[in-house]
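To be precise, the following lines are data_18.pdb, and they hold PDB, C-alpha atoms and all ligand atoms.
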MODEL        1
ATOM      1  CA  MET A   1     -45.956  73.312 163.962
ATOM      2  CA  GLU A   2     -44.713  71.840 167.253
ATOM      3  CA  LYS A   3     -41.090  72.777 166.848
ATOM      4  CA  LYS A   4     -40.762  75.763 169.103
ATOM      5  CA  THR A   5     -39.760  74.568 172.506
ATOM      6  CA  SER A   6     -38.203  77.412 174.404
ATOM      7  CA  VAL A   7     -34.552  77.024 175.205
ATOM      8  CA  SER A   8     -32.461  79.635 176.802
ATOM      9  CA  LEU A   9     -28.835  80.337 177.155
ATOM     10  CA  CYS A  10     -27.782  82.530 179.980
ATOM     11  CA  VAL A  11     -24.482  84.260 180.288
ATOM     12  CA  PHE A  12     -23.749  86.137 183.442
ATOM     13  CA  PHE A  13     -21.318  89.001 183.485
ATOM     14  CA  VAL A  14     -20.706  89.621 187.153
ATOM     15  CA  SER A  15     -19.329  93.005 188.064
ATOM     16  CA  SER A  16     -19.322  94.975 191.242
ATOM     17  CA  VAL A  17     -22.430  96.881 190.172
ATOM     18  CA  ALA A  18     -24.620  94.627 188.064
ATOM     19  CA  THR A  19     -25.389  91.173 186.755
ATOM     20  CA  THR A  20     -26.285  91.189 183.077
ATOM     21  CA  MET A  21     -28.231  88.318 181.569
ATOM     22  CA  LEU A  22     -28.389  87.250 177.943
ATOM     23  CA  GLU A  23     -31.309  85.021 177.084
ATOM     24  CA  ILE A  24     -32.011  83.481 173.685
ATOM     25  CA  LYS A  25     -35.691  82.599 173.163
ATOM     26  CA  THR A  26     -36.861  80.286 170.407
ATOM     27  CA  ASP A  27     -40.596  80.807 170.921
ATOM     28  CA  LEU A  28     -42.646  83.807 169.821
ATOM     29  CA  GLU A  29     -44.709  84.346 172.955
ATOM     30  CA  ASN A  30     -45.222  87.962 174.014
ATOM     31  CA  VAL A  31     -42.761  89.376 171.500
ATOM     32  CA  ASP A  32     -42.623  93.176 171.345
ATOM     33  CA  TRP A  33     -42.708  93.381 167.527
ATOM     34  CA  GLU A  34     -42.210  97.120 167.557
ATOM     35  CA  ARG A  35     -38.979  96.777 169.507
ATOM     36  CA  LEU A  36     -37.780  93.900 167.298
ATOM     37  CA  ALA A  37     -38.473  96.023 164.194
ATOM     38  CA  GLN A  38     -36.469  98.872 165.752
ATOM     39  CA  VAL A  39     -33.572  96.495 166.335
ATOM     40  CA  TYR A  40     -33.678  95.344 162.688
ATOM     41  CA  ALA A  41     -33.928  98.921 161.444
ATOM     42  CA  ALA A  42     -30.944  99.977 163.549
ATOM     43  CA  ALA A  43     -28.782  96.982 162.648
ATOM     44  CA  PHE A  44     -29.502  97.104 158.919
ATOM     45  CA  ASN A  45     -29.729 100.874 158.780
ATOM     46  CA  GLY A  46     -33.163 100.802 157.151
ATOM     47  CA  ILE A  47     -36.859 100.779 157.883
ATOM     48  CA  GLN A  48     -38.602  97.596 159.012
ATOM     49  CA  THR A  49     -42.229  97.712 160.072
ATOM     50  CA  PRO A  50     -43.426  95.658 163.058
ATOM     51  CA  ASP A  51     -45.995  93.926 160.782
ATOM     52  CA  LEU A  52     -43.325  92.841 158.312
ATOM     53  CA  ILE A  53     -40.998  91.553 161.032
ATOM     54  CA  GLU A  54     -43.851  89.669 162.733
ATOM     55  CA  THR A  55     -44.887  88.070 159.424
ATOM     56  CA  VAL A  56     -41.333  86.987 158.658
ATOM     57  CA  PHE A  57     -40.782  85.507 162.120
ATOM     58  CA  ARG A  58     -44.155  83.751 162.265
ATOM     59  CA  ARG A  59     -43.648  82.178 158.828
ATOM     60  CA  SER A  60     -40.154  80.963 159.700
ATOM     61  CA  TYR A  61     -39.417  77.394 160.640
ATOM     62  CA  ALA A  62     -36.997  78.353 163.415
ATOM     63  CA  THR A  63     -36.428  81.671 165.136
ATOM     64  CA  CYS A  64     -34.206  83.061 167.876
ATOM     65  CA  ILE A  65     -34.601  86.371 169.662
ATOM     66  CA  ALA A  66     -31.913  87.728 171.985
ATOM     67  CA  PHE A  67     -32.895  89.518 175.193
ATOM     68  CA  TRP A  68     -30.375  91.534 177.170
ATOM     69  CA  ASN A  69     -31.711  92.135 180.678
ATOM     70  CA  GLY A  70     -35.178  91.473 179.281
ATOM     71  CA  CYS A  71     -34.864  93.880 176.341
ATOM     72  CA  ILE A  72     -34.812  92.628 172.743
ATOM     73  CA  VAL A  73     -31.396  93.269 171.205
ATOM     74  CA  GLY A  74     -31.135  90.821 168.278
ATOM     75  CA  GLY A  75     -32.643  88.089 166.196
ATOM     76  CA  VAL A  76     -32.246  85.520 163.451
ATOM     77  CA  TYR A  77     -34.629  83.217 161.586
ATOM     78  CA  ALA A  78     -34.545  80.277 159.196
ATOM     79  CA  PHE A  79     -36.854  78.817 156.574
ATOM     80  CA  SER A  80     -36.779  75.047 156.256
ATOM     81  CA  ASP A  81     -38.640  71.860 155.372
ATOM     82  CA  GLY A  82     -37.196  70.426 158.580
ATOM     83  CA  VAL A  83     -35.754  67.420 156.758
ATOM     84  CA  LEU A  84     -33.396  68.317 153.914
ATOM     85  CA  ASP A  85     -32.733  72.031 153.580
ATOM     86  CA  ALA A  86     -32.710  75.280 155.502
ATOM     87  CA  THR A  87     -31.781  78.882 154.783
ATOM     88  CA  ILE A  88     -30.740  81.302 157.491
ATOM     89  CA  HIS A  89     -31.644  84.979 157.259
ATOM     90  CA  GLY A  90     -31.596  88.203 159.176
ATOM     91  CA  LEU A  91     -28.908  87.664 161.782
ATOM     92  CA  CYS A  92     -28.725  90.992 163.549
ATOM     93  CA  VAL A  93     -27.710  92.574 166.824
ATOM     94  CA  HIS A  94     -28.532  96.151 167.767
ATOM     95  CA  PRO A  95     -25.415  98.319 167.229
ATOM     96  CA  ASP A  96     -25.278  99.229 170.936
ATOM     97  CA  PHE A  97     -24.932  95.539 171.834
ATOM     98  CA  GLN A  98     -22.583  94.229 169.160
ATOM     99  CA  LYS A  99     -19.277  92.481 169.871
ATOM    100  CA  LEU A 100     -20.609  91.019 173.125
ATOM    101  CA  GLY A 101     -21.100  87.485 171.831
ATOM    102  CA  ILE A 102     -24.816  87.892 171.121
ATOM    103  CA  GLY A 103     -24.553  87.135 167.386
ATOM    104  CA  ARG A 104     -22.617  83.981 168.168
ATOM    105  CA  ALA A 105     -25.218  82.921 170.764
ATOM    106  CA  LEU A 106     -28.053  83.514 168.281
ATOM    107  CA  MET A 107     -26.369  81.417 165.579
ATOM    108  CA  ALA A 108     -25.513  78.623 168.009
ATOM    109  CA  SER A 109     -29.099  78.459 169.238
ATOM    110  CA  LEU A 110     -30.541  78.499 165.705
ATOM    111  CA  LEU A 111     -28.209  75.773 164.434
ATOM    112  CA  GLU A 112     -29.097  73.624 167.456
ATOM    113  CA  GLN A 113     -32.622  73.429 166.041
ATOM    114  CA  PHE A 114     -31.390  71.574 162.944
ATOM    115  CA  GLY A 115     -30.000  68.088 162.724
ATOM    116  CA  PRO A 116     -26.466  67.661 161.325
ATOM    117  CA  GLU A 117     -27.869  66.129 158.120
ATOM    118  CA  ILE A 118     -29.687  69.284 156.969
ATOM    119  CA  ALA A 119     -27.961  71.397 154.282
ATOM    120  CA  VAL A 120     -27.945  75.008 155.467
ATOM    121  CA  LEU A 121     -27.582  77.993 153.129
ATOM    122  CA  LEU A 122     -27.077  81.660 153.895
ATOM    123  CA  THR A 123     -25.885  84.788 152.150
ATOM    124  CA  ALA A 124     -23.284  87.083 153.664
ATOM    125  CA  GLU A 125     -21.254  90.056 152.566
ATOM    126  CA  ALA A 126     -17.521  89.396 152.384
ATOM    127  CA  ALA A 127     -17.035  91.392 155.599
ATOM    128  CA  HIS A 128     -19.304  89.032 157.533
ATOM    129  CA  GLN A 129     -18.083  85.759 156.085
ATOM    130  CA  PRO A 130     -15.413  85.286 158.812
ATOM    131  CA  ILE A 131     -18.198  85.167 161.400
ATOM    132  CA  TYR A 132     -19.986  82.368 159.569
ATOM    133  CA  ARG A 133     -16.759  80.472 158.959
ATOM    134  CA  LYS A 134     -16.564  80.150 162.741
ATOM    135  CA  PHE A 135     -19.783  78.118 162.538
ATOM    136  CA  GLY A 136     -18.429  75.854 159.818
ATOM    137  CA  PHE A 137     -19.908  77.659 156.787
ATOM    138  CA  ARG A 138     -17.826  77.843 153.580
ATOM    139  CA  PRO A 139     -18.427  79.600 150.231
ATOM    140  CA  LEU A 140     -20.528  77.449 147.899
ATOM    141  CA  LYS A 141     -19.457  76.878 144.280
ATOM    142  CA  THR A 142     -22.895  75.835 143.087
ATOM    143  CA  ALA A 143     -25.254  78.510 144.413
ATOM    144  CA  MET A 144     -27.399  80.667 142.131
ATOM    145  CA  ALA A 145     -29.799  83.381 143.174
ATOM    146  CA  LYS A 146     -32.496  85.717 141.920
ATOM    147  CA  GLY A 147     -33.996  88.890 143.288
ATOM    148  CA  PHE A 148     -30.873  90.210 144.975
ATOM    149  CA  PRO A 149     -29.411  93.706 144.449
ATOM    150  CA  ALA A 150     -27.599  93.955 141.106
ATOM    151  CA  GLU A 151     -24.283  94.699 142.831
ATOM    152  CA  ASP A 152     -24.433  91.325 144.587
ATOM    153  CA  MET A 153     -24.996  89.339 141.376
ATOM    154  CA  GLU A 154     -22.459  88.002 138.894
ATOM    155  CA  ALA A 155     -23.133  88.861 135.245
TER     156      ALA A 155
HETATM  157  C1  LIG B 201     -23.010  90.532 162.213
HETATM  158  C2  LIG B 201     -23.534  90.729 163.624
HETATM  159  C3  LIG B 201     -24.857  89.980 163.779
HETATM  160  C4  LIG B 201     -22.520  90.170 164.644
HETATM  161  O1  LIG B 201     -23.129  90.229 165.936
HETATM  162  P1  LIG B 201     -22.235  90.401 167.246
HETATM  163  O2  LIG B 201     -23.116  90.178 168.420
HETATM  164  O3  LIG B 201     -21.529  91.708 167.190
HETATM  165  O4  LIG B 201     -21.191  89.205 167.064
HETATM  166  P2  LIG B 201     -20.420  88.444 168.238
HETATM  167  O5  LIG B 201     -20.000  89.436 169.268
HETATM  168  O6  LIG B 201     -21.222  87.298 168.703
HETATM  169  O7  LIG B 201     -19.188  87.931 167.453
HETATM  170  C5  LIG B 201     -19.221  86.643 166.807
HETATM  171  C6  LIG B 201     -17.872  86.377 166.246
HETATM  172  O8  LIG B 201     -17.715  87.146 165.060
HETATM  173  C7  LIG B 201     -16.617  88.036 165.193
HETATM  174  N1  LIG B 201     -17.072  89.290 164.615
HETATM  175  C8  LIG B 201     -18.033  90.113 165.064
HETATM  176  N2  LIG B 201     -18.189  91.148 164.229
HETATM  177  C9  LIG B 201     -17.295  90.961 163.233
HETATM  178  C10 LIG B 201     -16.973  91.669 162.051
HETATM  179  N3  LIG B 201     -17.598  92.825 161.714
HETATM  180  N4  LIG B 201     -16.005  91.174 161.239
HETATM  181  C11 LIG B 201     -15.364  90.026 161.555
HETATM  182  N5  LIG B 201     -15.631  89.289 162.655
HETATM  183  C12 LIG B 201     -16.577  89.765 163.482
HETATM  184  C13 LIG B 201     -16.340  88.161 166.669
HETATM  185  O9  LIG B 201     -14.971  88.401 166.895
HETATM  186  C14 LIG B 201     -16.777  86.808 167.182
HETATM  187  O10 LIG B 201     -15.761  85.834 167.064
HETATM  188  P3  LIG B 201     -15.301  85.014 168.374
HETATM  189  O11 LIG B 201     -16.563  84.487 168.998
HETATM  190  O12 LIG B 201     -14.426  83.949 167.842
HETATM  191  O13 LIG B 201     -14.615  86.033 169.227
HETATM  192  C15 LIG B 201     -23.725  92.238 163.927
HETATM  193  O14 LIG B 201     -22.513  92.908 163.675
HETATM  194  C16 LIG B 201     -24.841  92.882 163.113
HETATM  195  O15 LIG B 201     -25.993  92.840 163.500
HETATM  196  N6  LIG B 201     -24.502  93.534 162.008
HETATM  197  C17 LIG B 201     -25.500  94.282 161.212
HETATM  198  C18 LIG B 201     -26.485  93.373 160.518
HETATM  199  C19 LIG B 201     -25.771  92.441 159.560
HETATM  200  O16 LIG B 201     -25.037  92.879 158.700
HETATM  201  N7  LIG B 201     -26.012  91.133 159.757
HETATM  202  C20 LIG B 201     -25.350  90.106 158.991
HETATM  203  C21 LIG B 201     -26.139  89.715 157.817
HETATM  204  S1  LIG B 201     -25.144  88.622 156.818
ENDMDL
END
Serialized structure, structure tokens:
Amino acid sequence: MEKKTSVSLCVFFVSSVATTMLEIKTDLENVDWERLAQVYAAAFNGIQTPDLIETVFRRSYATCIAFWNGCIVGGVYAFSDGVLDATIHGLCVHPDFQKLGIGRALMASLLEQFGPEIAVLLTAEAAHQPIYRKFGFRPLKTAMAKGFPAEDMEA
């Protein structure tokens, strides 16, 4: 698939001691899968193996990985046919780097890879829904799902 041109978004925080750079990469060249798996494990408080994370990212239609001073600190990926529909999954930022605008930058970069005509789905706990509202997402009356934890499903 020829979709993965690398775009980057740089934000400079200039202080008297350091310049910090946030870069969002949309290609999968030279990814440290072990580090990305650690970031997912820390953010979701669980275990993610490097092999699983690599498989998920490589099979995705669009991916974004956040680097903070060259170190992986977050990611997000989407499955799509590239024409009609897409689903976004796995938005995460390492706990030590949250509330710095990285999640917003990841979402903005991912959504840039889809045209405005594509219908985009995602799932989010109530606590995270305000974040997605900021990107124009709204609860969907017509969604059904399978394979989710029982506590997330209606009867
Ligand atoms: C959700 C998550 C990705 C947000 O990443 P982040 O880098 O901290 O988010 P940002 O700093 O870019 O904040 C984005 C916006 O959401 C808001 N926000 C961030 N965390 C929030 C929270 N817990 N509740 C409500 N709003 C929140 C911010 O105020 C910001 O709004 P603004 O740009 O208008 O100021 C991060 O908290 C995370 O990885 N959580 C654990 C994994 C997870 O649950 N992922 C979501 C799956 S649905």
Any chance you could tabulate, as a Markdown table, the residues of chain A at most 8 Å from ligand LIG 201 (chain B) with each one's nearest atom pair and distance in Å to one decimal, using only C-alpha atoms and all ligand atoms, in chain and rising number order?
| residue | atom | partner | partner_atom | distance |
| --- | --- | --- | --- | --- |
| A:Tyr40 | CA | B:LIG201 | C18 | 7.8 |
| A:Ala43 | CA | B:LIG201 | C17 | 4.5 |
| A:Phe44 | CA | B:LIG201 | C18 | 5.1 |
| A:Gly74 | CA | B:LIG201 | O15 | 7.3 |
| A:His89 | CA | B:LIG201 | C21 | 7.3 |
| A:Gly90 | CA | B:LIG201 | C21 | 5.8 |
| A:Leu91 | CA | B:LIG201 | N7 | 5.0 |
| A:Cys92 | CA | B:LIG201 | O15 | 3.3 |
| A:Val93 | CA | B:LIG201 | O15 | 3.8 |
| A:His94 | CA | B:LIG201 | O15 | 6.0 |
| A:Pro95 | CA | B:LIG201 | O15 | 6.7 |
| A:Phe97 | CA | B:LIG201 | O2 | 6.6 |
| A:Gln98 | CA | B:LIG201 | O3 | 3.4 |
| A:Lys99 | CA | B:LIG201 | O5 | 3.2 |
| A:Leu100 | CA | B:LIG201 | O5 | 4.2 |
| A:Gly101 | CA | B:LIG201 | O6 | 3.1 |
| A:Ile102 | CA | B:LIG201 | O2 | 3.9 |
| A:Gly103 | CA | B:LIG201 | O2 | 3.5 |
| A:Arg104 | CA | B:LIG201 | O6 | 3.6 |
| A:Ala105 | CA | B:LIG201 | O6 | 6.3 |
| A:Leu106 | CA | B:LIG201 | O6 | 7.8 |
| A:Leu122 | CA | B:LIG201 | S1 | 7.8 |
| A:Thr123 | CA | B:LIG201 | S1 | 6.1 |
| A:Ala124 | CA | B:LIG201 | S1 | 4.0 |
| A:Glu125 | CA | B:LIG201 | S1 | 5.9 |
| A:Ala127 | CA | B:LIG201 | N4 | 5.7 |
| A:His128 | CA | B:LIG201 | N4 | 5.4 |
| A:Gln129 | CA | B:LIG201 | C11 | 7.5 |
| A:Pro130 | CA | B:LIG201 | C11 | 5.5 |
| A:Ile131 | CA | B:LIG201 | O8 | 4.2 |
| A:Tyr132 | CA | B:LIG201 | O8 | 7.6 |
| A:Lys134 | CA | B:LIG201 | O12 | 6.7 |
Ile72 in chain A surroundings by all atoms listed in the file, 8 Å radius, close-in-sequence under 6 positions cut, as a tab-separated table (two decimals) with C-alpha atoms, in the coordinates of the input:
chain	number	residue	atom	x	y	z
A	32	ASP	CA	-42.62	93.18	171.34
A	35	ARG	CA	-38.98	96.78	169.51
A	36	LEU	CA	-37.78	93.90	167.30
A	39	VAL	CA	-33.57	96.50	166.34
A	65	ILE	CA	-34.60	86.37	169.66
A	66	ALA	CA	-31.91	87.73	171.98
*Selected residue, from A:Arg138, A:Ala42, A:Ala62, A:Gly147, that lies nearest to Met107 in chain A when counting only C-alpha atoms*: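 Ranked by minimum distance to Met107 in chain A, first place goes to A:Ala62.
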*Residue nearest Arg59 in chain A among A:Thr20, A:Gln38, A:Gln113, A:Ser80 (counting only C-alpha atoms)*: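 Nearest to Arg59 in chain A: A:Ser80.
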*Apply the PyMOL selection byres (((chain A and resi 50-55) around 8) and not hetatm) to the file shown and report the selected residues as a PyMOL selection string.*
chain A and resi 33-37+48-49+56-59
*Which residue, A:Ala155, A:Leu121, A:Val83, A:Ile24, has the smallest gap to Pro139 in chain A when you use all atoms listed in the file?*
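Of A:Ala155, A:Leu121, A:Val83, A:Ile24, the one nearest Pro139 in chain A, counting all atoms listed in the file, is A:Leu121.
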*Evaluate the PyMOL selection byres (((chain A and resi 26) around 6) and not hetatm) and record the selected residues as number ranges by chain, following the chain and residue labels used in the document.*
A: 6, 25, 27, 63-64
Selected residues, C-alpha atoms, written as a PDB file, in the coordinates of the input, please.
ATOM      1  CA  SER A   6     -38.203  77.412 174.404  1.00  0.00           C
ATOM      2  CA  LYS A  25     -35.691  82.599 173.163  1.00  0.00           C
ATOM      3  CA  ASP A  27     -40.596  80.807 170.921  1.00  0.00           C
ATOM      4  CA  THR A  63     -36.428  81.671 165.136  1.00  0.00           C
ATOM      5  CA  CYS A  64     -34.206  83.061 167.876  1.00  0.00           C
TER       6      CYS A  64
END
*asked:* Calculated over all atoms listed in the file, which of the candidates A:Val73, A:Phe67, A:Ala119, A:Phe137 has the smallest distance to Thr87 in chain A?
replied: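 Checking each candidate against Thr87 in chain A, we get A:Ala119 as the closest.
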